[in-house]
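Next comes my_file_17.cif, a file with mmCIF, C-alpha atoms.
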```
data_final
#
loop_
_atom_site.label_atom_id
_atom_site.label_comp_id
_atom_site.auth_asym_id
_atom_site.auth_seq_id
_atom_site.Cartn_x
_atom_site.Cartn_y
_atom_site.Cartn_z
CA MET A 232 -12.71 23.49 30.47
CA GLY A 233 -9.88 25.79 29.63
CA MET A 234 -8.73 25.94 26.08
CA LYS A 235 -5.36 24.41 25.38
CA ARG A 236 -2.77 26.85 24.19
CA LYS A 237 -1.18 26.06 20.92
CA LYS A 238 2.55 25.61 21.30
CA ARG A 239 4.56 28.18 19.43
CA ALA A 240 7.12 26.70 17.08
CA PRO A 241 10.69 27.57 18.05
CA ARG A 242 12.18 30.37 16.02
CA ARG A 243 14.91 29.29 13.70
CA ARG A 244 18.04 31.34 13.93
CA GLY A 245 19.63 32.60 10.78
CA TRP A 246 22.86 31.03 9.63
CA LEU A 247 24.78 34.17 10.55
CA LEU A 248 23.09 34.74 13.90
CA GLY A 249 23.95 31.20 14.95
CA SER A 250 27.59 31.59 13.99
CA SER A 251 30.48 31.99 16.38
CA ALA A 252 32.56 35.17 16.58
CA THR A 253 35.39 33.65 14.55
CA GLN A 254 32.94 32.44 11.90
CA VAL A 255 31.40 35.90 11.58
CA ILE A 256 34.86 37.45 11.10
CA CYS A 257 35.68 34.93 8.34
CA ILE A 258 32.27 35.38 6.70
CA SER A 259 32.60 39.18 6.73
CA PHE A 260 35.88 38.97 4.82
CA VAL A 261 34.43 36.50 2.31
CA LEU A 262 31.41 38.73 1.65
CA LEU A 263 33.61 41.80 1.29
CA ILE A 264 35.86 40.01 -1.22
CA ALA A 265 32.81 38.82 -3.18
CA LEU A 266 31.39 42.35 -3.33
CA GLY A 267 34.76 43.77 -4.37
CA THR A 268 35.10 41.13 -7.10
CA LEU A 269 31.67 42.03 -8.47
CA LEU A 270 32.41 45.78 -8.53
CA LEU A 271 35.83 45.36 -10.14
CA THR A 272 34.39 43.27 -12.99
CA LEU A 273 32.02 46.12 -13.98
CA PRO A 274 32.98 48.00 -17.18
CA ILE A 275 33.00 51.28 -15.22
CA SER A 276 35.93 49.98 -13.14
CA SER A 277 38.37 49.35 -16.00
CA ARG A 278 39.95 51.74 -18.49
CA SER A 279 39.67 49.21 -21.35
CA GLY A 280 37.19 46.34 -21.42
CA ARG A 281 36.06 44.27 -18.46
CA LEU A 282 38.46 42.69 -16.00
CA GLY A 283 38.31 38.89 -15.81
CA VAL A 284 36.71 37.28 -12.77
CA VAL A 285 39.94 35.61 -11.58
CA ASP A 286 41.96 38.83 -11.88
CA ALA A 287 39.16 40.77 -10.16
CA MET A 288 38.99 38.22 -7.33
CA PHE A 289 42.76 38.32 -6.93
CA THR A 290 42.73 42.13 -6.73
CA ALA A 291 39.75 42.20 -4.34
CA THR A 292 41.36 39.60 -2.07
CA SER A 293 44.69 41.41 -2.09
CA ALA A 294 43.00 44.72 -1.21
CA THR A 295 40.65 43.30 1.44
CA CYS A 296 43.46 41.30 3.03
CA VAL A 297 45.71 44.41 2.76
CA THR A 298 48.41 42.51 0.87
CA GLY A 299 49.41 44.48 -2.20
CA LEU A 300 50.17 41.66 -4.63
CA VAL A 301 48.65 42.56 -8.00
CA VAL A 302 48.20 40.91 -11.39
CA ARG A 303 47.32 44.22 -13.08
CA ASP A 304 48.87 47.63 -12.52
CA THR A 305 46.35 49.56 -10.43
CA TRP A 306 46.56 52.90 -12.28
CA THR A 307 46.76 51.62 -15.86
CA GLN A 308 43.98 49.01 -15.35
CA PHE A 309 41.43 50.81 -13.20
CA THR A 310 39.44 54.00 -13.67
CA PRO A 311 39.05 56.43 -10.74
CA PHE A 312 35.91 54.44 -9.80
CA GLY A 313 37.85 51.17 -9.81
CA GLN A 314 40.65 52.77 -7.80
CA ALA A 315 38.08 54.03 -5.27
CA VAL A 316 36.69 50.48 -4.93
CA VAL A 317 40.21 49.17 -4.27
CA LEU A 318 40.83 51.91 -1.70
CA LEU A 319 37.52 51.22 0.07
CA LEU A 320 38.40 47.51 0.28
CA ILE A 321 41.78 48.43 1.74
CA GLN A 322 40.26 50.71 4.37
CA VAL A 323 37.53 48.30 5.43
CA GLY A 324 39.85 45.30 5.27
CA GLY A 325 42.58 47.10 7.21
CA LEU A 326 40.42 48.23 10.11
CA GLY A 327 38.06 45.26 9.90
CA LEU A 328 34.41 45.16 8.88
CA VAL A 329 33.37 44.16 12.40
CA THR A 330 35.37 47.03 13.91
CA LEU A 331 33.80 49.61 11.61
CA THR A 332 30.22 48.38 12.04
CA SER A 333 30.70 48.33 15.81
CA PHE A 334 32.05 51.89 15.72
CA PHE A 335 29.04 53.19 13.79
CA ALA A 336 26.69 51.28 16.09
CA LEU A 337 28.20 52.99 19.13
CA ALA A 338 28.20 56.34 17.34
CA ALA A 339 24.45 55.88 16.75
CA LYS A 340 24.08 55.19 20.52
CA ARG A 341 22.89 51.64 19.91
CA ARG A 342 23.50 49.31 22.83
CA MET A 343 25.69 46.37 21.96
CA GLY A 344 24.68 42.93 23.18
CA PHE A 345 26.92 40.36 24.82
CA LYS A 346 27.57 38.57 21.55
CA ASP A 347 28.34 41.86 19.76
CA LEU A 348 30.94 42.70 22.40
CA ARG A 349 32.47 39.22 22.18
CA LEU A 350 32.72 39.60 18.40
CA LEU A 351 34.29 43.04 18.75
CA GLY A 352 36.82 41.65 21.24
CA GLU A 353 37.85 38.98 18.72
CA SER A 354 38.15 41.61 15.99
CA VAL A 355 40.45 44.02 17.84
CA SER A 356 42.30 41.30 19.82
CA ALA A 357 41.06 42.67 23.14
CA SER A 358 41.02 40.46 26.22
CA GLY A 359 37.81 41.84 27.72
CA TYR A 360 34.54 43.39 26.65
CA SER A 361 35.08 46.71 28.41
CA GLN A 362 38.58 46.82 26.95
CA ALA A 363 37.13 46.18 23.49
CA THR A 364 34.89 49.25 23.65
CA ASP A 365 37.76 51.36 25.00
CA VAL A 366 40.00 50.33 22.12
CA LEU A 367 37.22 50.86 19.60
CA LYS A 368 36.84 54.49 20.66
CA ILE A 369 40.38 55.29 19.51
CA VAL A 370 40.74 52.97 16.50
CA VAL A 371 38.82 54.91 13.88
CA LYS A 372 39.83 58.32 15.25
CA LEU A 373 43.52 57.42 15.21
CA ALA A 374 43.24 55.90 11.74
CA MET A 375 41.62 59.03 10.32
CA THR A 376 44.13 61.29 12.09
CA PHE A 377 47.22 59.45 10.85
CA GLU A 378 45.85 59.02 7.34
CA ILE A 379 44.98 62.72 7.02
CA ILE A 380 48.37 63.81 8.35
CA GLY A 381 50.10 61.38 5.99
CA MET A 382 48.03 62.60 3.06
CA VAL A 383 48.89 66.27 3.72
CA LEU A 384 52.61 65.52 4.01
CA LEU A 385 52.64 63.40 0.83
CA MET A 386 50.90 66.20 -1.06
CA ILE A 387 54.10 68.21 -0.65
CA ALA A 388 55.83 65.66 -2.91
CA PHE A 389 53.02 64.53 -5.20
CA VAL A 390 51.04 67.70 -5.99
CA PRO A 391 53.97 69.57 -7.62
CA GLN A 392 54.59 66.51 -9.79
CA PHE A 393 51.05 65.42 -10.66
CA GLY A 394 49.03 68.60 -10.17
CA ALA A 395 45.48 68.19 -8.85
CA GLU A 396 45.72 64.41 -9.32
CA GLY A 397 48.46 64.47 -6.69
CA ILE A 398 45.78 65.02 -4.02
CA TRP A 399 44.10 61.70 -4.93
CA ILE A 400 47.47 59.94 -5.18
CA SER A 401 48.44 61.27 -1.74
CA ALA A 402 45.16 60.12 -0.17
CA PHE A 403 45.39 56.68 -1.81
CA THR A 404 49.02 56.18 -0.77
CA ALA A 405 48.50 57.38 2.82
CA ILE A 406 45.53 55.06 3.44
CA SER A 407 47.28 52.17 1.73
CA ALA A 408 50.43 52.69 3.81
CA PHE A 409 48.61 53.02 7.15
CA CYS A 410 46.60 49.88 6.38
CA ASN A 411 49.85 48.11 5.40
CA ALA A 412 48.39 47.33 1.97
CA GLY A 413 51.19 48.35 -0.41
CA PHE A 414 48.94 49.35 -3.34
CA ASP A 415 50.02 52.35 -5.40
CA ILE A 416 48.64 54.33 -8.34
CA LEU A 417 52.00 55.65 -9.51
CA GLY A 418 52.27 53.38 -12.55
CA ARG A 419 51.92 54.77 -16.06
CA THR A 420 51.68 53.24 -19.53
CA ASP A 421 55.47 53.31 -19.87
CA SER A 422 56.14 52.03 -16.33
CA PHE A 423 54.12 49.21 -14.76
CA TYR A 424 54.33 48.25 -11.06
CA PRO A 425 56.82 50.99 -10.05
CA SER A 426 55.87 51.16 -6.35
CA LEU A 427 58.03 53.93 -4.81
CA THR A 428 61.23 53.30 -6.78
CA ALA A 429 61.12 56.85 -8.21
CA TYR A 430 61.33 58.26 -4.67
CA ALA A 431 64.27 56.28 -3.30
CA ALA A 432 66.19 59.53 -2.71
CA ASP A 433 63.22 61.51 -1.32
CA PRO A 434 63.50 61.66 2.50
CA LEU A 435 59.97 63.05 2.95
CA VAL A 436 58.22 60.25 1.07
CA ASN A 437 60.40 57.57 2.67
CA ILE A 438 59.95 58.79 6.24
CA VAL A 439 56.20 59.45 5.94
CA ILE A 440 55.51 56.03 4.42
CA MET A 441 57.68 54.25 7.01
CA LEU A 442 55.95 56.02 9.90
CA LEU A 443 52.50 55.22 8.52
CA ILE A 444 53.48 51.55 8.16
CA ILE A 445 54.81 51.39 11.71
CA VAL A 446 51.92 53.18 13.43
CA GLY A 447 49.41 51.02 11.55
CA GLY A 448 51.26 47.82 12.36
CA ILE A 449 51.88 48.08 16.12
CA GLY A 450 48.26 47.34 17.06
CA PHE A 451 45.30 49.20 18.49
CA LEU A 452 45.87 47.92 22.04
CA THR A 453 49.36 49.40 21.92
CA TRP A 454 47.94 52.74 20.87
CA ASP A 455 45.46 52.49 23.75
CA ASP A 456 48.46 52.26 26.09
CA VAL A 457 50.21 55.16 24.35
CA CYS A 458 47.12 57.37 24.56
CA THR A 459 46.43 56.41 28.19
CA HIS A 460 49.92 56.35 29.72
CA GLY A 461 52.01 58.49 27.37
CA LEU A 462 55.73 57.99 28.00
CA HIS A 463 55.22 56.07 31.25
CA LEU A 464 56.37 52.80 29.71
CA ARG A 465 56.26 50.89 33.00
CA ARG A 466 52.48 51.21 33.05
CA TYR A 467 52.08 49.63 29.62
CA ARG A 468 50.66 46.15 29.23
CA MET A 469 53.26 43.44 28.87
CA GLN A 470 52.00 42.83 25.32
CA SER A 471 52.58 46.47 24.34
CA LYS A 472 56.13 46.32 25.72
CA VAL A 473 56.80 43.15 23.72
CA ILE A 474 55.38 44.68 20.52
CA LEU A 475 57.36 47.92 20.79
CA SER A 476 60.61 46.13 21.69
CA ALA A 477 60.26 43.52 18.96
CA THR A 478 59.33 46.16 16.37
CA ALA A 479 62.42 48.22 17.20
CA LEU A 480 64.70 45.17 16.95
CA LEU A 481 63.11 43.89 13.73
CA ILE A 482 63.70 47.26 12.10
CA THR A 483 67.23 48.08 13.25
CA ILE A 484 68.90 44.66 12.92
CA PRO A 485 67.75 43.89 9.32
CA ALA A 486 68.43 47.51 8.30
CA PHE A 487 72.03 47.12 9.47
CA LEU A 488 72.33 43.85 7.54
CA PHE A 489 70.87 45.39 4.36
CA TYR A 490 73.25 48.34 4.66
CA LEU A 491 76.24 45.99 4.81
CA THR A 492 75.19 43.64 1.99
CA ASP A 493 73.18 45.80 -0.45
CA PHE A 494 72.91 49.21 -2.13
CA ALA A 495 76.69 49.76 -2.29
CA ASP A 496 76.29 51.93 -5.42
CA LEU A 497 74.10 54.48 -3.62
CA PRO A 498 75.33 57.56 -1.72
CA VAL A 499 75.45 57.13 2.06
CA GLY A 500 72.23 59.04 2.72
CA GLU A 501 70.23 57.14 0.11
CA ARG A 502 71.79 53.86 1.25
CA ILE A 503 70.60 54.45 4.83
CA LEU A 504 67.11 55.36 3.59
CA ALA A 505 66.93 52.29 1.33
CA SER A 506 68.14 49.98 4.10
CA LEU A 507 65.64 51.33 6.63
CA PHE A 508 62.77 51.28 4.15
CA GLN A 509 63.39 47.69 3.08
CA SER A 510 63.58 46.73 6.75
CA VAL A 511 60.23 48.35 7.58
CA THR A 512 58.17 47.41 4.53
CA PRO A 513 58.25 43.57 4.83
CA ARG A 514 56.15 43.89 8.03
CA THR A 515 53.78 44.02 6.21
CA ALA A 516 53.32 46.88 3.74
CA GLY A 517 54.66 45.76 0.38
CA TYR A 518 56.15 49.02 -0.91
CA ASN A 519 59.68 49.05 -2.25
CA THR A 520 62.07 51.83 -3.22
CA VAL A 521 64.70 49.58 -4.85
CA ASP A 522 64.79 46.68 -7.28
CA LEU A 523 64.19 43.65 -5.04
CA THR A 524 65.70 41.24 -7.56
CA GLU A 525 69.05 43.02 -7.14
CA MET A 526 69.21 42.28 -3.39
CA THR A 527 71.53 39.48 -2.26
CA ASP A 528 70.26 35.99 -1.50
CA ALA A 529 70.94 36.55 2.20
CA SER A 530 68.84 39.73 2.20
CA GLN A 531 66.01 38.02 0.34
CA ALA A 532 66.06 35.21 2.90
CA VAL A 533 65.88 37.74 5.76
CA THR A 534 63.02 39.49 3.96
CA ILE A 535 61.10 36.20 3.78
CA LEU A 536 61.48 35.76 7.55
CA LEU A 537 60.32 39.35 8.15
CA MET A 538 57.31 38.83 5.88
CA LEU A 539 56.24 35.72 7.76
CA THR A 540 56.71 37.47 11.11
CA GLY A 541 54.43 40.38 10.23
CA GLY A 542 53.19 43.04 12.64
CA ALA A 543 51.23 43.15 15.89
CA PRO A 544 47.92 41.42 16.70
CA GLY A 545 44.87 43.65 16.41
CA SER A 546 46.61 45.88 13.85
CA THR A 547 46.35 46.52 10.13
CA ALA A 548 49.36 44.22 9.58
CA GLY A 549 49.30 40.52 8.83
CA GLY A 550 51.77 37.67 9.29
CA MET A 551 52.06 35.32 12.24
CA LYS A 552 52.69 38.39 14.46
CA VAL A 553 55.68 39.63 16.45
CA THR A 554 54.10 38.40 19.69
CA THR A 555 54.13 34.85 18.33
CA LEU A 556 57.86 35.13 17.63
CA ALA A 557 58.48 36.66 21.07
CA VAL A 558 56.58 33.84 22.83
CA LEU A 559 58.54 31.18 20.93
CA ILE A 560 61.86 32.84 21.76
CA ALA A 561 60.86 33.18 25.42
CA ASN A 562 59.93 29.51 25.51
CA ALA A 563 63.28 28.55 23.96
CA VAL A 564 65.14 30.69 26.53
CA ALA A 565 63.18 29.02 29.34
CA ALA A 566 64.13 25.60 27.96
CA PHE A 567 67.81 26.56 27.73
CA ARG A 568 67.78 27.84 31.32
CA ARG A 569 65.70 24.88 32.54
CA ARG A 570 62.90 27.08 33.78
CA GLU A 571 59.39 25.76 34.14
CA ASP A 572 57.64 28.84 32.71
CA PRO A 573 58.64 31.21 29.87
CA GLN A 574 58.82 34.88 30.93
CA LEU A 575 58.65 38.27 29.26
CA PHE A 576 59.18 41.55 31.10
CA HIS A 577 58.96 39.79 34.48
CA ARG A 578 55.60 38.23 33.62
CA ARG A 579 54.92 34.51 33.33
CA LEU A 580 53.33 33.36 30.06
CA GLU A 581 50.38 31.01 29.89
CA HIS A 582 51.06 27.54 28.47
CA SER A 583 48.17 28.05 26.04
CA ALA A 584 50.06 31.02 24.52
CA VAL A 585 53.10 28.82 23.87
CA ARG A 586 50.91 26.08 22.41
CA ASN A 587 49.09 28.51 20.11
CA ALA A 588 52.36 30.14 19.02
CA ALA A 589 53.83 26.76 18.04
CA ALA A 590 50.66 25.88 16.12
CA ILE A 591 50.69 29.22 14.26
CA LEU A 592 54.36 28.84 13.31
CA LEU A 593 53.74 25.32 12.00
CA LEU A 594 50.72 26.50 10.00
CA TYR A 595 52.56 29.40 8.37
CA LEU A 596 55.68 27.40 7.54
CA GLY A 597 53.69 24.42 6.26
CA LEU A 598 51.32 26.39 4.04
CA THR A 599 54.06 28.72 2.75
CA PHE A 600 56.34 25.85 1.73
CA ALA A 601 53.45 23.75 0.34
CA GLY A 602 52.20 26.69 -1.72
CA ALA A 603 55.69 27.44 -3.02
CA ALA A 604 56.24 23.79 -4.00
CA ALA A 605 52.89 23.67 -5.83
CA ILE A 606 53.55 26.92 -7.73
CA SER A 607 57.11 25.83 -8.57
CA ALA A 608 55.83 22.55 -10.01
CA ALA A 609 52.95 24.16 -11.91
CA GLU A 610 54.93 27.07 -13.37
CA GLU A 611 58.37 25.40 -13.61
CA LEU A 612 59.96 28.21 -11.61
CA PRO A 613 62.75 28.12 -9.00
CA LEU A 614 61.49 27.13 -5.56
CA GLY A 615 63.29 30.03 -3.86
CA ALA A 616 61.53 32.65 -5.99
CA CYS A 617 58.17 30.95 -5.44
CA LEU A 618 58.83 30.87 -1.69
CA TYR A 619 59.30 34.65 -1.78
CA GLU A 620 55.85 35.08 -3.41
CA THR A 621 54.03 32.67 -1.07
CA ALA A 622 55.65 34.20 2.02
CA SER A 623 54.52 37.60 0.75
CA ALA A 624 50.96 36.30 0.32
CA ALA A 625 50.77 34.44 3.66
CA GLY A 626 52.25 37.44 5.47
CA THR A 627 49.90 39.79 3.55
CA VAL A 628 52.93 41.84 2.52
CA GLY A 629 52.79 42.41 -1.23
CA LEU A 630 56.50 42.36 -2.09
CA THR A 631 57.29 40.42 -5.24
CA LEU A 632 60.22 39.47 -7.43
CA GLY A 633 58.01 40.07 -10.45
CA LEU A 634 56.48 36.58 -10.70
CA THR A 635 52.90 37.17 -9.55
CA PRO A 636 51.58 38.96 -12.70
CA GLN A 637 52.93 36.08 -14.83
CA LEU A 638 51.31 33.21 -12.89
CA GLY A 639 48.52 30.98 -14.17
CA VAL A 640 45.06 30.54 -12.67
CA LEU A 641 46.06 27.65 -10.37
CA SER A 642 49.02 29.55 -8.92
CA GLN A 643 46.95 32.71 -8.49
CA SER A 644 44.30 30.68 -6.67
CA ILE A 645 46.95 29.38 -4.27
CA LEU A 646 48.06 32.94 -3.54
CA ILE A 647 44.42 34.01 -3.00
CA LEU A 648 43.95 31.30 -0.37
CA LEU A 649 47.25 32.22 1.31
CA MET A 650 46.30 35.90 1.44
CA PHE A 651 42.95 35.07 3.05
CA PHE A 652 44.64 32.75 5.53
CA GLY A 653 47.26 35.36 6.37
CA ARG A 654 44.77 38.13 7.03
CA VAL A 655 42.11 36.19 8.92
CA GLY A 656 44.67 34.14 10.84
CA GLY A 657 45.33 30.43 10.99
CA LEU A 658 43.81 29.79 14.42
CA THR A 659 40.78 31.95 13.56
CA LEU A 660 40.09 29.76 10.53
CA ILE A 661 40.50 26.56 12.54
CA TYR A 662 38.31 27.81 15.37
CA ALA A 663 35.69 28.86 12.81
CA ALA A 664 35.76 25.45 11.15
CA PHE A 665 35.45 23.49 14.41
CA SER A 666 33.36 25.90 16.50
CA GLY A 667 30.40 23.54 16.48
CA HIS A 668 32.38 20.69 18.02
CA ASP A 669 32.03 20.15 21.75
CA LEU A 670 35.14 20.39 23.87
CA THR A 671 36.21 17.20 25.55
CA TYR A 672 37.95 17.12 28.89
CA ALA A 673 38.94 13.46 28.78
CA ARG A 674 42.69 12.95 29.12
CA TYR A 675 44.81 10.01 28.09
CA PRO A 676 47.55 8.61 30.34
CA GLN A 677 50.80 10.59 30.14
CA GLU A 678 54.01 9.13 28.85
CA LYS A 679 57.41 10.70 28.20
CA ILE A 680 58.96 11.15 24.76
CA THR A 681 62.51 12.26 23.95
CA VAL A 682 62.92 15.33 21.74
CA GLY A 683 66.00 17.12 20.45
#
```

Show me the file's structure as structure tokens.
Amino acid sequence: MGMKRKKRAPRRRGWLLGSSATQVICISFVLLIALGTLLLTLPISSRSGRLGVVDAMFTATSATCVTGLVVRDTWTQFTPFGQAVVLLLIQVGGLGLVTLTSFFALAAKRRMGFKDLRLLGESVSASGYSQATDVLKIVVKLAMTFEIIGMVLLMIAFVPQFGAEGIWISAFTAISAFCNAGFDILGRTDSFYPSLTAYAADPLVNIVIMLLIIVGGIGFLTWDDVCTHGLHLRRYRMQSKVILSATALLITIPAFLFYLTDFADLPVGERILASLFQSVTPRTAGYNTVDLTEMTDASQAVTILLMLTGGAPGSTAGGMKVTTLAVLIANAVAAFRRREDPQLFHRRLEHSAVRNAAAILLLYLGLTFAGAAAISAAEELPLGACLYETASAAGTVGLTLGLTPQLGVLSQSILILLMFFGRVGGLTLIYAAFSGHDLTYARYPQEKITVG
């Protein structure tokens, strides 16, 4: 008689190995924020005493989600070690933990499995696995190239003023600008939260920072097209054409409005620089060269819309993305012209893109207004000012009217959640929460409803 083989017990998969791609992306950000919070609470990170857990978590979330909202001035609060922790969180959060680990895996010649490629595709917003690896090959190289060039150019302005420390300030500012983070270490004991207001008349600093913000915010897929096709725009993907066109319009039109309504006391050259800078920075960098509280109500309202719009998918920028806005506008145009399908650049859009764009818009508007109402009630502040702060958090921008450092724990917690939502993405969070639910293909009977 043959001996019966003992059945081997099925191997249990770890909680991370059994997670979906969207869940892994969310988990990676949570773990990075937790690690950053721990490091920033260490005595070695602060110049005087230990930073509280809530303030450390707020700073770690803002850095990881490349926002730029702060409750403590970065230079006066943190030692060089603490500043390095913030900068590392910005770099990893800007490029994405999944993107960086995938890059080093490929650099070590490790073969990536099917699930690894699917996860990478989600991280860089690529539509295919081969496309994901192609994009990955240029992401880190381009980031390092632009950041080094930006650092060298900023040294021309910062080294004469700060000496050897100007090298560190230049590196910190260049990385923060490319990652659309908006953190600065230009504050001093007599001047908290200055951002770039001391350089409003400096063309070099203005132009370098604006270019870093733009190149970081147009998306890695767009740069893949630029590197592959050069100036042959007709060969670009439709998405790249949409991103470049929308970016150009969302810079020039608000800049013209700001020039007409603000900065009248500045000379013409400085007024043009200030208008352009304040048009670029809401999407979604968070630097400012002027006093934002002095801008007109109309300009502040436009800034809120720009902050919610954000940059391109698969970029260092946040917000609901320019492609979302473009899809919604294309759908509205199709409705006005009584066309069945929305179109962009002679390409028909999928109905799922329109559906997702509408869901994203509703999520951003709902959470931004709900957060503003809650903060306004808790802090007894004007709703409009609170809306500016929550739009900045949800869009991962970092611009503020000066309210954030004064908020209580509840209001700071609301902003933390909005920053996480804005960086990870609304649909990513929803897909992560419901990834274990089976799809159903059952359909109810259709019936018409009147809208409008």

For each of A:Thr290, A:Thr512, A:Ser546, A:Thr268, take the minimum atom-to-atom distance to A:Phe451, counting all atoms listed in the file, then give the residue where this is smallest.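 Selected residue with least distance to A:Phe451: A:Ser546.
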
Leaving out A:Asn562 and any residue of its chain fewer than 6 positions from it, which residues lie within 8 Å of it when counting all atoms listed in the file, given as a PyMOL selection string? chain A and resi 572-574+585

What would the file look like if the residues just selected were written as a tab-separated table (two decimals), in the coordinates of the input with C-alpha atoms?
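Once written, selection_33.tsv looks like this:
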```tsv
chain	number	residue	atom	x	y	z
A	572	ASP	CA	57.64	28.84	32.71
A	573	PRO	CA	58.64	31.21	29.87
A	574	GLN	CA	58.82	34.88	30.93
A	585	VAL	CA	53.10	28.82	23.87
```

Pick from A:Gly653, A:Pro434, A:Gly545, A:Gly283 nearest to A:Ser471, counting only C-alpha atoms: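 Among the listed residues, A:Gly545 lies closest to A:Ser471.
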
Residues within 9 Å of A:Ala374, all atoms listed in the file, excluding chain neighbours under 6 positions, as a PyMOL selection string: chain A and resi 326+406+409-410+447

Counting all atoms listed in the file, find residues at most 12 Å from (55.7, 56.6, 7.5) (file frame) and give them as a PyMOL selection string. chain A and resi 377-378+380-382+384-385+404-411+434-448+507-508+511-512+516+518

Between atom CA of A:Thr635 and atom CA of A:Gly549, what distance in Å does the model show, to one decimal?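 Between atom CA of A:Thr635 and atom CA of A:Gly549 the gap works out to 19.0 Å.
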
Could you list, as a VMD selection string, every residue within 8 Å of A:Asp493, counting only C-alpha atoms and ignoring same-chain residues fewer than 3 positions away? chain A and resid 489 to 490 506 526 to 527 530

Interatomic distance between atom CA of A:Leu593 and atom CA of A:Pro636? 28.3 Å

Pairwise distance for atom CA of A:Leu475 and atom CA of A:Thr453, rounded to one decimal in Å: 8.2 Å

Nearest residue to A:Ser422 from the set A:Ala294, A:Pro485, A:Asp304, A:Arg586 (distances using only C-alpha atoms):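 Smallest distance to A:Ser422 is found for A:Asp304.
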
Find the residue from A:Ile484, A:Ile449, A:Arg569, A:Pro613 that sits nearest to A:Pro544; use all atoms listed in the file when measuring. A:Ile449

Would you please work out which residue, of A:Arg514, A:Arg466, A:Arg654, A:Lys472, is nearest to A:Gly413 when using only C-alpha atoms?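 Nearest to A:Gly413: A:Arg514.
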
Given the choices A:Ser623, A:Thr547, A:Ser426, A:Asn587, which gets closest to A:Asp522 if the distance is worked out from all atoms listed in the file?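 Closest residue, counting all atoms listed in the file: A:Ser426.
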
Could you list, as a VMD selection string, every residue within 9 Å of A:Thr520, counting only C-alpha atoms and ignoring same-chain residues fewer than 5 positions away? chain A and resid 425 to 432 437 505 508 to 509

Could you tell me which residues the PyMOL selection byres ((chain A and resi 317) around 10) grabs in this file, written as a PDB file with C-alpha atoms, in the coordinates of the input?
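Saved file out_15.pdb follows:
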```pdb
ATOM      1  CA  GLY A 267      34.760  43.770  -4.370  1.00  0.00           C
ATOM      2  CA  THR A 268      35.100  41.130  -7.100  1.00  0.00           C
ATOM      3  CA  LEU A 270      32.410  45.780  -8.530  1.00  0.00           C
ATOM      4  CA  LEU A 271      35.830  45.360 -10.140  1.00  0.00           C
ATOM      5  CA  SER A 276      35.930  49.980 -13.140  1.00  0.00           C
ATOM      6  CA  THR A 290      42.730  42.130  -6.730  1.00  0.00           C
ATOM      7  CA  ALA A 291      39.750  42.200  -4.340  1.00  0.00           C
ATOM      8  CA  THR A 292      41.360  39.600  -2.070  1.00  0.00           C
ATOM      9  CA  SER A 293      44.690  41.410  -2.090  1.00  0.00           C
ATOM     10  CA  ALA A 294      43.000  44.720  -1.210  1.00  0.00           C
ATOM     11  CA  THR A 295      40.650  43.300   1.440  1.00  0.00           C
ATOM     12  CA  THR A 305      46.350  49.560 -10.430  1.00  0.00           C
ATOM     13  CA  PHE A 309      41.430  50.810 -13.200  1.00  0.00           C
ATOM     14  CA  PRO A 311      39.050  56.430 -10.740  1.00  0.00           C
ATOM     15  CA  PHE A 312      35.910  54.440  -9.800  1.00  0.00           C
ATOM     16  CA  GLY A 313      37.850  51.170  -9.810  1.00  0.00           C
ATOM     17  CA  GLN A 314      40.650  52.770  -7.800  1.00  0.00           C
ATOM     18  CA  ALA A 315      38.080  54.030  -5.270  1.00  0.00           C
ATOM     19  CA  VAL A 316      36.690  50.480  -4.930  1.00  0.00           C
ATOM     20  CA  LEU A 318      40.830  51.910  -1.700  1.00  0.00           C
ATOM     21  CA  LEU A 319      37.520  51.220   0.070  1.00  0.00           C
ATOM     22  CA  LEU A 320      38.400  47.510   0.280  1.00  0.00           C
ATOM     23  CA  ILE A 321      41.780  48.430   1.740  1.00  0.00           C
ATOM     24  CA  GLN A 322      40.260  50.710   4.370  1.00  0.00           C
ATOM     25  CA  PHE A 403      45.390  56.680  -1.810  1.00  0.00           C
ATOM     26  CA  SER A 407      47.280  52.170   1.730  1.00  0.00           C
ATOM     27  CA  PHE A 414      48.940  49.350  -3.340  1.00  0.00           C
TER      28      PHE A 414
END
```

Using all atoms listed in the file, which residues sit within 12 Å of A:Leu594 once same-chain residues fewer than 3 positions away are excluded, as a list of chain:residue names?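 Everything that qualifies: A:Leu539, A:Gly550, A:Met551, A:Asn587, A:Ala588, A:Ala589, A:Ala590, A:Ile591, A:Gly597, A:Leu598, A:Thr599, A:Phe600, A:Ala601, A:Gly602, A:Ala625, A:Gly626, A:Leu649, A:Phe652, A:Gly653, A:Gly656, A:Gly657, A:Leu658, A:Thr659, A:Leu660, A:Ile661.
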
Around stretch 614-629 of chain A, fit a box with edges along x, y and z, padding it by 8 Å on each side, then list its centre and edge lengths in Å to one decimal as AutoDock Vina command-line options.
```
--center_x 56.6 --center_y 34.8 --center_z -0.3 --size_x 29.4 --size_y 31.3 --size_z 27.5
```
